[in-house]
Amino acid sequence: MMAGKCWMMVFLLIATLPAYAMCPVWSPAQAKEEIARLQQQLRQWDESYYRDGQSLIDDTLYDGLLSRLQQWQRCFQPALPPWRAHLPDNGKIAHPVAHTGVRKLPDKRAVRAWMRDKNALWLQPKVDGVAVTLVYRQGLLVSMISRGNGVHGENWLDKARKIKAIPQRIPASSEEIVLQGELFLLMSGHQQAVQGGLNARAQVAGVLMRKADSPLLEKIGVFIWAWPDGPLTMPERLAALKALGFGLTAAWTRSVHSVEEVAEWRERWFRQPLPFVTDGVVLHQGTRSAGKRWIAGQNDQLAAWKYRPPAVTAEVQSVDFPVGRSGRISAVLNLAPIRLDDKTVRRVSLGSLARWQALDIVPGDQVAISLAGQGIPRFEQVIWRVAERRYPSVPDVEQYHSLSCFQQTASCRTQFLSRLGWLSHKEALDMPGVQQSTWQRLMQLEQFTHLFSWLGLTTEQLNRLTGIGEERAQRLIHHFNLSRQQPFRRWVKALGVPIPKVALQALPDDDWSTLLARDVTQWRQLPGIGQRLAERIVAWLSNAQVRELIQFLQHHLTPS
């Protein structure tokens, strides 16, 4: 009975997950292994960063894998607490006030919701650096503590003595002043949109964690973003910080009243030259609770809206191998839907079959996806591989070539469809509105057996197809009839004869008989055609299937 209830709870949990977060089809043993392996990898990355100052994976990709791990836990280990980043817990120095962290907002809509019912909001660049606590007593710097786990950190005071941007003495306005901020690599005219992060944060972390001093310490700046128990309002805090020697904060803090203002500043700071690397913006409430109430990892009084990441994590759901019109087999990854900028991405091309084989990608693997020019999804790298490698079926490369699939068969469907798509393209027969989906519908007709079967179709036959009404059928027949008037060269192109563009433009022939009568020597007289290509063209045009199609065209077309 208990087992039945447990399974019902798991079912309800899975049912409430969004479609893109469905649970993997794993046995309990496989799920346990996959979860343990990913936990181990995340732990290694944590140790490398927090112990050695080396960032071995982009933050966004790390967050994506962490989210994926937590999803797996919800599916297979719902009773366990979700896995968290392994922050260093060996810090010996307690922070006078805990580092709360910052809430991350994914998009403009979330920012608008967070801003609702909040007054006196202020915006700052999210400086990409290393968080620390500075402690002054009687105006003297007595401690610089690494963030650590937010409660305890390491004493970096010896490093602070070498950083010129950190005042060693400040005007003593109170017995103790505690400041929280970011140590960053000083830049000159850094444009985030153009240059990216430049691994600046990892450089700073590495310098701070090494025992030996480095000349890079002199190139480190400090941006104070919190003054627990300081002046109550933001204007007062900014003025006081400037008087203490921390003027950078006031120079880069803006009052905002709407999400549109936030978006405008975010875009401006993303593109304009700045003295530091940034990865977004941070919204602050003008007033905060007393420092003694700050809790590590819990904070709703400030929120970050990060820039669009250069790449995000996506899970491979399946792999397709479409065949192009020339018989070239490519590989396409079908992904669990992800958001990149304002686009939902579900597929990404890997290019050739050989590249997929070299990359060794199977369903369940986690990959990094970015947007190339014109918003085209681009594969970047594999960032995590599942232990159990289940390889998809791969087409036989010997079966597909430039002379295969002129006829419609089950194994030829993708190449045949590619040939039809090219045939109606504006560079071939130029049939506006006749797209791949159109051909897919027409291929349902039993009369549609070869590449040019559509020339013999009637309006009545098209009317029988679902999704094609009488008006649409008449329009298709009209396009088909117009294609008959296209110049002979376009029909040569539609058939797929491997003639270079420059040679086709110079081709004087205007009928199939003249074209077929050409020998190797005559083909070589055209520009761009050498001996090997001439021999290939003659062999191609001698193919039995090609000859049958040409005979069909000779019968159905009136020379133009």
# chains A, B, ... in the order shown; residues from 1 in each chain; ligands from 1
call {"tool": "residues_around", "arguments": {"residues": "Arg109 of chain A", "least_positions_apart": "4", "cutoff": "12 Å", "atoms": "only C-alpha atoms", "output": "MDAnalysis selection string"}}
result
chainID A and resid 105 113:116 258:260 262:263 305
call {"tool": "write_last_selection", "arguments": {"atoms": "N, CA and C atoms", "output": "mmCIF file, in the first residue's frame"}}
result
data_model
loop_
_atom_site.group_PDB
_atom_site.id
_atom_site.type_symbol
_atom_site.label_atom_id
_atom_site.label_comp_id
_atom_site.auth_asym_id
_atom_site.auth_seq_id
_atom_site.Cartn_x
_atom_site.Cartn_y
_atom_site.Cartn_z
ATOM 1 N N LEU A 105 16.694 36.953 -11.624
ATOM 2 C CA LEU A 105 15.447 37.053 -12.377
ATOM 3 C C LEU A 105 15.724 36.716 -13.840
ATOM 4 N N ALA A 113 7.556 41.971 -12.264
ATOM 5 C CA ALA A 113 6.835 41.408 -11.120
ATOM 6 C C ALA A 113 7.569 41.697 -9.816
ATOM 7 N N TRP A 114 8.890 41.591 -9.835
ATOM 8 C CA TRP A 114 9.665 41.837 -8.615
ATOM 9 C C TRP A 114 9.571 43.302 -8.202
ATOM 10 N N MET A 115 9.543 44.210 -9.165
ATOM 11 C CA MET A 115 9.507 45.645 -8.870
ATOM 12 C C MET A 115 8.154 46.104 -8.344
ATOM 13 N N ARG A 116 7.120 45.315 -8.625
ATOM 14 C CA ARG A 116 5.776 45.720 -8.242
ATOM 15 C C ARG A 116 5.691 45.933 -6.722
ATOM 16 N N SER A 258 10.825 52.225 -13.387
ATOM 17 C CA SER A 258 10.059 51.313 -14.241
ATOM 18 C C SER A 258 10.977 50.252 -14.816
ATOM 19 N N VAL A 259 10.363 49.161 -15.262
ATOM 20 C CA VAL A 259 11.152 48.093 -15.869
ATOM 21 C C VAL A 259 11.762 48.565 -17.189
ATOM 22 N N GLU A 260 11.110 49.530 -17.849
ATOM 23 C CA GLU A 260 11.664 50.065 -19.093
ATOM 24 C C GLU A 260 12.979 50.801 -18.829
ATOM 25 N N VAL A 262 15.003 50.146 -16.356
ATOM 26 C CA VAL A 262 15.969 49.093 -16.030
ATOM 27 C C VAL A 262 16.521 48.476 -17.314
ATOM 28 N N ALA A 263 15.614 48.156 -18.239
ATOM 29 C CA ALA A 263 16.033 47.537 -19.497
ATOM 30 C C ALA A 263 16.934 48.474 -20.298
ATOM 31 N N TRP A 305 19.344 40.861 -12.866
ATOM 32 C CA TRP A 305 18.884 40.503 -14.209
ATOM 33 C C TRP A 305 20.133 40.409 -15.072
#
call {"tool": "residues_around", "arguments": {"residues": "Trp491 of chain A", "least_positions_apart": "3", "cutoff": "12 Å", "atoms": "only C-alpha atoms", "output": "tab-separated table (two decimals) with N, CA and C atoms, in the first residue's frame"}}
result
chain	number	residue	atom	x	y	z
A	422	TRP	N	14.20	21.69	-53.15
A	422	TRP	CA	15.07	22.44	-54.04
A	422	TRP	C	14.37	22.77	-55.35
A	423	LEU	N	13.62	21.84	-55.86
A	423	LEU	CA	12.92	22.00	-57.13
A	423	LEU	C	12.01	23.24	-57.13
A	424	SER	N	11.32	23.49	-56.00
A	424	SER	CA	10.40	24.63	-55.95
A	424	SER	C	11.07	25.91	-55.47
A	425	HIS	N	12.37	25.84	-55.15
A	425	HIS	CA	13.10	27.01	-54.67
A	425	HIS	C	13.17	28.09	-55.75
A	427	GLU	N	15.59	29.63	-56.89
A	427	GLU	CA	16.72	29.47	-57.81
A	427	GLU	C	16.47	28.39	-58.85
A	428	ALA	N	15.45	27.56	-58.62
A	428	ALA	CA	15.13	26.51	-59.60
A	428	ALA	C	13.85	26.90	-60.33
A	429	LEU	N	12.71	26.24	-59.99
A	429	LEU	CA	11.46	26.52	-60.72
A	429	LEU	C	10.65	27.65	-60.10
A	430	ASP	N	11.08	28.16	-58.96
A	430	ASP	CA	10.49	29.35	-58.36
A	430	ASP	C	8.97	29.25	-58.21
A	451	LEU	N	10.03	12.31	-58.88
A	451	LEU	CA	10.34	13.72	-58.66
A	451	LEU	C	9.42	14.69	-59.40
A	452	PHE	N	8.92	14.29	-60.55
A	452	PHE	CA	8.08	15.20	-61.35
A	452	PHE	C	6.64	14.72	-61.48
A	483	SER	N	5.26	26.80	-64.01
A	483	SER	CA	6.62	26.24	-64.05
A	483	SER	C	6.95	25.67	-65.42
A	484	ARG	N	5.93	25.23	-66.15
A	484	ARG	CA	6.17	24.67	-67.49
A	484	ARG	C	6.78	25.72	-68.43
A	485	GLN	N	6.56	27.00	-68.10
A	485	GLN	CA	7.05	28.08	-68.95
A	485	GLN	C	8.46	28.54	-68.56
A	486	GLN	N	9.03	27.92	-67.51
A	486	GLN	CA	10.36	28.32	-67.09
A	486	GLN	C	11.40	27.95	-68.16
A	487	PRO	N	12.49	28.73	-68.26
A	487	PRO	CA	13.54	28.43	-69.23
A	487	PRO	C	14.14	27.03	-69.01
A	488	PHE	N	14.66	26.47	-70.07
A	488	PHE	CA	15.21	25.12	-70.04
A	488	PHE	C	16.28	24.97	-68.95
A	494	ALA	N	16.59	22.11	-61.70
A	494	ALA	CA	15.60	21.41	-60.88
A	494	ALA	C	15.87	19.91	-60.83
A	495	LEU	N	16.32	19.35	-61.93
A	495	LEU	CA	16.65	17.92	-61.97
A	495	LEU	C	17.86	17.61	-61.10
A	496	GLY	N	18.75	18.59	-60.94
A	496	GLY	CA	19.92	18.37	-60.10
A	496	GLY	C	21.16	17.96	-60.86
A	497	VAL	N	21.21	18.23	-62.16
A	497	VAL	CA	22.41	17.90	-62.94
A	497	VAL	C	23.59	18.68	-62.35
A	504	LEU	N	26.34	26.64	-66.36
A	504	LEU	CA	24.92	26.60	-66.72
A	504	LEU	C	24.51	27.91	-67.39
A	509	ASP	N	22.34	25.15	-74.93
A	509	ASP	CA	21.30	24.18	-75.25
A	509	ASP	C	19.94	24.65	-74.73
A	510	ASP	N	18.88	24.30	-75.47
A	510	ASP	CA	17.54	24.65	-75.03
A	510	ASP	C	16.58	23.46	-75.11
A	511	ASP	N	17.13	22.25	-75.19
A	511	ASP	CA	16.27	21.06	-75.14
A	511	ASP	C	17.10	19.89	-74.63
A	512	TRP	N	16.39	18.84	-74.17
A	512	TRP	CA	17.06	17.70	-73.54
A	512	TRP	C	17.87	16.88	-74.55
A	515	LEU	N	21.22	18.42	-75.00
A	515	LEU	CA	22.01	18.27	-73.77
A	515	LEU	C	22.57	16.86	-73.65
A	549	LEU	N	13.32	10.08	-66.10
A	549	LEU	CA	12.75	11.37	-65.71
A	549	LEU	C	12.81	12.37	-66.86
A	550	ILE	N	13.90	12.36	-67.60
A	550	ILE	CA	14.02	13.27	-68.75
A	550	ILE	C	12.97	12.93	-69.81
A	553	LEU	N	9.76	14.38	-68.68
A	553	LEU	CA	9.73	15.83	-68.89
A	553	LEU	C	9.54	16.17	-70.37
A	554	GLN	N	10.19	15.42	-71.23
A	554	GLN	CA	10.04	15.68	-72.67
A	554	GLN	C	8.59	15.48	-73.10
A	557	LEU	N	6.36	18.56	-71.05
A	557	LEU	CA	6.70	19.98	-71.15
A	557	LEU	C	6.70	20.45	-72.59
A	558	THR	N	6.24	21.68	-72.75
A	558	THR	CA	6.35	22.36	-74.05
A	558	THR	C	7.59	23.23	-73.97
A	559	PRO	N	8.55	23.08	-74.88
A	559	PRO	CA	9.78	23.88	-74.81
A	559	PRO	C	9.47	25.36	-74.71
A	560	SER	N	10.25	26.04	-73.82
A	560	SER	CA	10.06	27.49	-73.65
A	560	SER	C	11.06	28.24	-74.50
call {"tool": "closest_residue", "arguments": {"among": "A:Leu123, A:Asp89, A:Trp384, A:Gln407", "to": "Glu261 of chain A", "atoms": "only C-alpha atoms"}}
result
A:Leu123
call {"tool": "closest_residue", "arguments": {"among": "A:Lys219, A:Arg355, A:Arg536, A:Arg103", "to": "Ile163 of chain A", "atoms": "only C-alpha atoms"}}
result
A:Lys219
call {"tool": "select_by_dssp", "arguments": {"residues": "segment 281-363 of chain A", "states": "strand (DSSP E or B)", "output": "number ranges by chain"}}
result
A: 281-285, 295, 298, 302-306, 312-320, 323, 329-340, 343-352
call {"tool": "write_last_selection", "arguments": {"atoms": "N, CA and C atoms", "output": "compact mmCIF listing (two decimals), in the first residue's frame"}}
result
# COMPACT_ATOMS: atom_id res chain seq x y z
N VAL A 281 22.73 43.40 -14.39
CA VAL A 281 22.46 44.53 -13.51
C VAL A 281 21.83 44.01 -12.22
N VAL A 282 21.93 44.83 -11.17
CA VAL A 282 21.37 44.47 -9.87
C VAL A 282 20.45 45.58 -9.40
N LEU A 283 19.25 45.20 -9.00
CA LEU A 283 18.27 46.13 -8.43
C LEU A 283 18.34 46.08 -6.91
N HIS A 284 18.41 47.27 -6.29
CA HIS A 284 18.46 47.37 -4.83
C HIS A 284 17.23 48.13 -4.33
N GLN A 285 16.68 47.68 -3.23
CA GLN A 285 15.72 48.52 -2.53
C GLN A 285 16.49 49.59 -1.78
N ILE A 295 20.57 36.74 6.27
CA ILE A 295 20.81 35.29 6.31
C ILE A 295 21.43 34.87 4.98
N GLN A 298 19.49 33.94 1.56
CA GLN A 298 18.09 34.38 1.62
C GLN A 298 18.04 35.90 1.50
N LEU A 302 17.17 42.56 -2.99
CA LEU A 302 17.88 42.91 -4.22
C LEU A 302 17.80 41.74 -5.18
N ALA A 303 17.84 42.06 -6.46
CA ALA A 303 17.66 41.03 -7.48
C ALA A 303 18.52 41.37 -8.69
N ALA A 304 18.97 40.33 -9.37
CA ALA A 304 19.84 40.50 -10.54
C ALA A 304 19.11 40.09 -11.81
N TRP A 305 19.34 40.86 -12.87
CA TRP A 305 18.88 40.50 -14.21
C TRP A 305 20.13 40.41 -15.07
N LYS A 306 20.56 39.20 -15.31
CA LYS A 306 21.83 38.98 -16.00
C LYS A 306 21.67 39.19 -17.50
N VAL A 312 23.81 28.37 -23.49
CA VAL A 312 23.03 27.77 -22.41
C VAL A 312 23.06 26.25 -22.55
N THR A 313 22.71 25.59 -21.45
CA THR A 313 22.70 24.14 -21.42
C THR A 313 21.40 23.60 -22.00
N ALA A 314 21.51 22.57 -22.82
CA ALA A 314 20.33 21.92 -23.40
C ALA A 314 20.52 20.41 -23.34
N GLU A 315 19.42 19.70 -23.16
CA GLU A 315 19.47 18.24 -23.12
C GLU A 315 19.08 17.67 -24.48
N VAL A 316 19.89 16.75 -24.96
CA VAL A 316 19.61 16.09 -26.24
C VAL A 316 18.53 15.04 -26.03
N GLN A 317 17.44 15.15 -26.78
CA GLN A 317 16.36 14.17 -26.67
C GLN A 317 16.46 13.08 -27.72
N SER A 318 16.92 13.44 -28.90
CA SER A 318 17.09 12.46 -29.97
C SER A 318 18.01 13.05 -31.04
N VAL A 319 18.42 12.20 -31.97
CA VAL A 319 19.29 12.65 -33.07
C VAL A 319 18.66 12.22 -34.39
N ASP A 320 18.48 13.17 -35.30
CA ASP A 320 17.97 12.87 -36.64
C ASP A 320 19.12 12.93 -37.65
N VAL A 323 18.76 13.50 -44.99
CA VAL A 323 19.58 13.31 -46.19
C VAL A 323 19.27 14.43 -47.16
N ILE A 329 24.50 13.13 -45.88
CA ILE A 329 23.80 12.88 -44.62
C ILE A 329 24.31 13.86 -43.57
N SER A 330 23.41 14.55 -42.92
CA SER A 330 23.79 15.47 -41.85
C SER A 330 23.19 14.98 -40.53
N ALA A 331 23.61 15.60 -39.45
CA ALA A 331 23.12 15.22 -38.12
C ALA A 331 22.46 16.43 -37.47
N VAL A 332 21.28 16.22 -36.89
CA VAL A 332 20.54 17.28 -36.21
C VAL A 332 20.16 16.79 -34.82
N LEU A 333 20.46 17.61 -33.81
CA LEU A 333 20.10 17.27 -32.44
C LEU A 333 18.72 17.85 -32.13
N ASN A 334 17.81 17.00 -31.65
CA ASN A 334 16.52 17.47 -31.13
C ASN A 334 16.69 17.69 -29.64
N LEU A 335 16.35 18.90 -29.19
CA LEU A 335 16.63 19.31 -27.82
C LEU A 335 15.36 19.50 -27.01
N ALA A 336 15.48 19.32 -25.70
CA ALA A 336 14.42 19.80 -24.82
C ALA A 336 14.38 21.32 -24.99
N PRO A 337 13.21 21.92 -25.21
CA PRO A 337 13.14 23.35 -25.55
C PRO A 337 13.88 24.23 -24.56
N ILE A 338 14.66 25.17 -25.09
CA ILE A 338 15.38 26.14 -24.26
C ILE A 338 15.09 27.53 -24.80
N ARG A 339 15.29 28.54 -23.93
CA ARG A 339 15.12 29.93 -24.34
C ARG A 339 16.49 30.56 -24.54
N LEU A 340 16.70 31.13 -25.71
CA LEU A 340 17.91 31.89 -25.99
C LEU A 340 17.46 33.25 -26.50
N LYS A 343 14.11 33.65 -28.36
CA LYS A 343 13.82 32.50 -29.21
C LYS A 343 13.70 31.23 -28.38
N THR A 344 12.78 30.36 -28.82
CA THR A 344 12.71 29.01 -28.26
C THR A 344 13.43 28.08 -29.24
N VAL A 345 14.43 27.38 -28.75
CA VAL A 345 15.26 26.52 -29.59
C VAL A 345 14.95 25.06 -29.28
N ARG A 346 14.65 24.30 -30.33
CA ARG A 346 14.34 22.88 -30.18
C ARG A 346 15.27 21.98 -31.00
N ARG A 347 15.98 22.56 -31.96
CA ARG A 347 16.85 21.77 -32.83
C ARG A 347 18.13 22.55 -33.13
N VAL A 348 19.20 21.82 -33.33
CA VAL A 348 20.44 22.44 -33.76
C VAL A 348 21.18 21.48 -34.68
N SER A 349 21.72 22.00 -35.75
CA SER A 349 22.44 21.17 -36.72
C SER A 349 23.90 21.01 -36.31
N LEU A 350 24.40 19.80 -36.48
CA LEU A 350 25.82 19.54 -36.23
C LEU A 350 26.62 19.56 -37.52
N GLY A 351 25.95 19.59 -38.65
CA GLY A 351 26.66 19.49 -39.91
C GLY A 351 26.73 18.05 -40.37
N SER A 352 27.91 17.59 -40.66
CA SER A 352 28.09 16.27 -41.28
C SER A 352 27.91 15.12 -40.30
call {"tool": "residues_around", "arguments": {"residues": "segment 141-150 of chain A", "least_positions_apart": "3", "cutoff": "8 Å", "atoms": "only C-alpha atoms", "output": "tab-separated table (two decimals) with N, CA and C atoms, in the first residue's frame"}}
result
chain	number	residue	atom	x	y	z
A	50	TYR	N	36.62	27.36	-5.89
A	50	TYR	CA	36.73	27.94	-4.56
A	50	TYR	C	38.08	27.67	-3.89
A	87	LEU	N	29.79	25.31	-1.53
A	87	LEU	CA	30.58	26.47	-1.13
A	87	LEU	C	31.62	26.05	-0.09
A	88	PRO	N	32.76	26.73	-0.04
A	88	PRO	CA	33.80	26.35	0.91
A	88	PRO	C	33.29	26.47	2.35
A	89	ASP	N	33.52	25.43	3.12
A	89	ASP	CA	33.06	25.43	4.51
A	89	ASP	C	34.23	25.36	5.49
A	91	GLY	N	36.26	28.00	5.98
A	91	GLY	CA	36.64	29.35	6.38
A	91	GLY	C	36.72	29.48	7.89
A	93	ILE	N	37.17	32.59	9.48
A	93	ILE	CA	36.77	33.92	9.93
A	93	ILE	C	35.28	34.12	9.70
A	95	HIS	N	31.94	36.20	9.10
A	95	HIS	CA	31.53	37.51	8.59
A	95	HIS	C	30.75	38.24	9.67
A	98	ALA	N	26.24	38.40	7.40
A	98	ALA	CA	26.22	37.34	6.38
A	98	ALA	C	26.07	37.92	4.98
A	99	HIS	N	26.67	37.22	4.00
A	99	HIS	CA	26.45	37.54	2.59
A	99	HIS	C	25.17	36.84	2.15
A	100	THR	N	24.17	37.62	1.78
A	100	THR	CA	22.87	37.02	1.47
A	100	THR	C	22.79	36.45	0.06
A	101	GLY	N	23.68	36.89	-0.83
A	101	GLY	CA	23.52	36.51	-2.23
A	101	GLY	C	22.47	37.39	-2.88
A	130	VAL	N	34.96	39.05	-7.38
A	130	VAL	CA	35.00	38.16	-6.22
A	130	VAL	C	34.46	38.92	-5.01
A	131	ALA	N	33.44	38.38	-4.36
A	131	ALA	CA	32.80	39.06	-3.24
A	131	ALA	C	33.64	38.95	-1.97
A	132	VAL	N	33.71	40.06	-1.23
A	132	VAL	CA	34.46	40.10	0.03
A	132	VAL	C	33.73	40.98	1.04
A	133	THR	N	34.16	40.86	2.29
A	133	THR	CA	33.75	41.78	3.35
A	133	THR	C	34.97	42.58	3.79
A	134	LEU	N	34.82	43.89	3.88
A	134	LEU	CA	35.86	44.77	4.43
A	134	LEU	C	35.41	45.24	5.81
A	135	VAL	N	36.31	45.13	6.79
A	135	VAL	CA	35.99	45.55	8.16
A	135	VAL	C	36.98	46.63	8.59
A	136	TYR	N	36.43	47.77	8.98
A	136	TYR	CA	37.25	48.87	9.49
A	136	TYR	C	36.90	49.09	10.96
A	137	ARG	N	37.95	49.27	11.78
A	137	ARG	CA	37.75	49.63	13.19
A	137	ARG	C	38.58	50.88	13.49
A	153	GLY	N	34.54	32.82	6.01
A	153	GLY	CA	35.44	32.91	4.87
A	153	GLY	C	36.88	32.93	5.33
A	154	GLU	N	37.78	33.14	4.36
A	154	GLU	CA	39.21	33.18	4.65
A	154	GLU	C	39.67	34.63	4.87
A	155	ASN	N	40.71	34.79	5.66
A	155	ASN	CA	41.27	36.10	5.92
A	155	ASN	C	42.23	36.47	4.78
A	156	TRP	N	41.86	37.46	4.00
A	156	TRP	CA	42.69	37.91	2.89
A	156	TRP	C	43.29	39.29	3.16
A	157	LEU	N	43.49	39.61	4.41
A	157	LEU	CA	43.98	40.94	4.75
A	157	LEU	C	45.34	41.23	4.13
A	160	ALA	N	44.77	42.41	0.76
A	160	ALA	CA	44.16	43.74	0.75
A	160	ALA	C	45.20	44.84	0.88
A	167	PRO	N	41.11	51.53	0.43
A	167	PRO	CA	41.70	52.44	1.43
A	167	PRO	C	42.11	51.67	2.68
A	168	GLN	N	43.33	51.88	3.11
A	168	GLN	CA	43.79	51.23	4.34
A	168	GLN	C	43.29	51.98	5.58
A	169	ARG	N	42.97	53.24	5.39
A	169	ARG	CA	42.44	54.06	6.48
A	169	ARG	C	41.32	54.93	5.92
A	296	ALA	N	22.49	34.08	5.06
A	296	ALA	CA	23.18	33.63	3.84
A	296	ALA	C	22.22	32.87	2.94
A	297	GLY	N	22.16	33.26	1.67
A	297	GLY	CA	21.32	32.57	0.69
A	297	GLY	C	19.87	33.00	0.70
call {"tool": "select_by_dssp", "arguments": {"residues": "segment 303-448 of chain A", "states": "alpha helix (DSSP H)", "output": "VMD selection string"}}
result
chain A and resid 353 to 359 413 to 423 436 to 442
call {"tool": "write_last_selection", "arguments": {"atoms": "N, CA and C atoms", "output": "PDB file, in the first residue's frame"}}
result
ATOM      1  N   LEU A 353      27.627  13.962 -40.851  1.00  0.00           N
ATOM      2  CA  LEU A 353      27.546  12.728 -40.070  1.00  0.00           C
ATOM      3  C   LEU A 353      28.879  12.446 -39.389  1.00  0.00           C
ATOM      4  N   ALA A 354      29.974  12.717 -40.085  1.00  0.00           N
ATOM      5  CA  ALA A 354      31.306  12.473 -39.516  1.00  0.00           C
ATOM      6  C   ALA A 354      31.536  13.319 -38.271  1.00  0.00           C
ATOM      7  N   ARG A 355      31.020  14.547 -38.264  1.00  0.00           N
ATOM      8  CA  ARG A 355      31.201  15.398 -37.082  1.00  0.00           C
ATOM      9  C   ARG A 355      30.428  14.837 -35.893  1.00  0.00           C
ATOM     10  N   TRP A 356      29.212  14.373 -36.138  1.00  0.00           N
ATOM     11  CA  TRP A 356      28.440  13.753 -35.051  1.00  0.00           C
ATOM     12  C   TRP A 356      29.184  12.543 -34.497  1.00  0.00           C
ATOM     13  N   GLN A 357      29.731  11.736 -35.369  1.00  0.00           N
ATOM     14  CA  GLN A 357      30.461  10.555 -34.917  1.00  0.00           C
ATOM     15  C   GLN A 357      31.678  10.950 -34.091  1.00  0.00           C
ATOM     16  N   ALA A 358      32.368  12.008 -34.491  1.00  0.00           N
ATOM     17  CA  ALA A 358      33.538  12.461 -33.739  1.00  0.00           C
ATOM     18  C   ALA A 358      33.144  13.048 -32.388  1.00  0.00           C
ATOM     19  N   LEU A 359      32.004  13.757 -32.351  1.00  0.00           N
ATOM     20  CA  LEU A 359      31.545  14.361 -31.099  1.00  0.00           C
ATOM     21  C   LEU A 359      30.947  13.338 -30.144  1.00  0.00           C
ATOM     22  N   ARG A 413      12.631   8.783 -48.205  1.00  0.00           N
ATOM     23  CA  ARG A 413      11.720   9.885 -47.930  1.00  0.00           C
ATOM     24  C   ARG A 413      12.450  11.225 -47.723  1.00  0.00           C
ATOM     25  N   THR A 414      13.496  11.255 -46.896  1.00  0.00           N
ATOM     26  CA  THR A 414      14.120  12.547 -46.587  1.00  0.00           C
ATOM     27  C   THR A 414      14.869  13.125 -47.785  1.00  0.00           C
ATOM     28  N   GLN A 415      15.610  12.291 -48.524  1.00  0.00           N
ATOM     29  CA  GLN A 415      16.317  12.824 -49.693  1.00  0.00           C
ATOM     30  C   GLN A 415      15.331  13.231 -50.782  1.00  0.00           C
ATOM     31  N   PHE A 416      14.285  12.434 -50.965  1.00  0.00           N
ATOM     32  CA  PHE A 416      13.266  12.755 -51.963  1.00  0.00           C
ATOM     33  C   PHE A 416      12.610  14.097 -51.641  1.00  0.00           C
ATOM     34  N   LEU A 417      12.307  14.304 -50.361  1.00  0.00           N
ATOM     35  CA  LEU A 417      11.702  15.563 -49.939  1.00  0.00           C
ATOM     36  C   LEU A 417      12.680  16.728 -50.132  1.00  0.00           C
ATOM     37  N   SER A 418      13.951  16.488 -49.889  1.00  0.00           N
ATOM     38  CA  SER A 418      14.964  17.531 -50.112  1.00  0.00           C
ATOM     39  C   SER A 418      15.039  17.908 -51.587  1.00  0.00           C
ATOM     40  N   ARG A 419      14.931  16.916 -52.463  1.00  0.00           N
ATOM     41  CA  ARG A 419      14.940  17.198 -53.905  1.00  0.00           C
ATOM     42  C   ARG A 419      13.735  18.063 -54.287  1.00  0.00           C
ATOM     43  N   LEU A 420      12.571  17.742 -53.732  1.00  0.00           N
ATOM     44  CA  LEU A 420      11.368  18.522 -54.035  1.00  0.00           C
ATOM     45  C   LEU A 420      11.498  19.952 -53.507  1.00  0.00           C
ATOM     46  N   GLY A 421      12.062  20.074 -52.294  1.00  0.00           N
ATOM     47  CA  GLY A 421      12.248  21.406 -51.727  1.00  0.00           C
ATOM     48  C   GLY A 421      13.137  22.279 -52.597  1.00  0.00           C
ATOM     49  N   TRP A 422      14.197  21.695 -53.146  1.00  0.00           N
ATOM     50  CA  TRP A 422      15.074  22.444 -54.045  1.00  0.00           C
ATOM     51  C   TRP A 422      14.366  22.771 -55.355  1.00  0.00           C
ATOM     52  N   LEU A 423      13.616  21.836 -55.859  1.00  0.00           N
ATOM     53  CA  LEU A 423      12.917  21.997 -57.134  1.00  0.00           C
ATOM     54  C   LEU A 423      12.013  23.235 -57.126  1.00  0.00           C
ATOM     55  N   GLN A 436       8.070  22.848 -48.074  1.00  0.00           N
ATOM     56  CA  GLN A 436       8.273  21.447 -47.719  1.00  0.00           C
ATOM     57  C   GLN A 436       6.983  20.810 -47.209  1.00  0.00           C
ATOM     58  N   SER A 437       6.227  21.575 -46.398  1.00  0.00           N
ATOM     59  CA  SER A 437       4.968  21.035 -45.876  1.00  0.00           C
ATOM     60  C   SER A 437       3.985  20.737 -47.011  1.00  0.00           C
ATOM     61  N   THR A 438       4.037  21.543 -48.081  1.00  0.00           N
ATOM     62  CA  THR A 438       3.178  21.292 -49.248  1.00  0.00           C
ATOM     63  C   THR A 438       3.540  19.964 -49.891  1.00  0.00           C
ATOM     64  N   TRP A 439       4.825  19.758 -50.111  1.00  0.00           N
ATOM     65  CA  TRP A 439       5.271  18.509 -50.722  1.00  0.00           C
ATOM     66  C   TRP A 439       4.944  17.306 -49.844  1.00  0.00           C
ATOM     67  N   GLN A 440       5.049  17.473 -48.541  1.00  0.00           N
ATOM     68  CA  GLN A 440       4.728  16.358 -47.639  1.00  0.00           C
ATOM     69  C   GLN A 440       3.273  15.929 -47.797  1.00  0.00           C
ATOM     70  N   ARG A 441       2.386  16.905 -47.970  1.00  0.00           N
ATOM     71  CA  ARG A 441       0.977  16.571 -48.200  1.00  0.00           C
ATOM     72  C   ARG A 441       0.807  15.859 -49.542  1.00  0.00           C
ATOM     73  N   LEU A 442       1.447  16.393 -50.575  1.00  0.00           N
ATOM     74  CA  LEU A 442       1.302  15.806 -51.907  1.00  0.00           C
ATOM     75  C   LEU A 442       1.871  14.393 -51.969  1.00  0.00           C
TER      76      LEU A 442
END
call {"tool": "atom_distance", "arguments": {"atom1": "atom CA of Ala120 of chain A", "atom2": "atom CA of Gly286 of chain A"}}
result
5.1 Å
call {"tool": "atom_distance", "arguments": {"atom1": "atom CA of Ile35 of chain A", "atom2": "atom CA of Gln54 of chain A"}}
result
24.0 Å
call {"tool": "residues_around", "arguments": {"residues": "Ala503 of chain A", "least_positions_apart": "6", "cutoff": "9 Å", "atoms": "only C-alpha atoms", "output": "NGL selection string"}}
result
:A and (523 or 526-529)
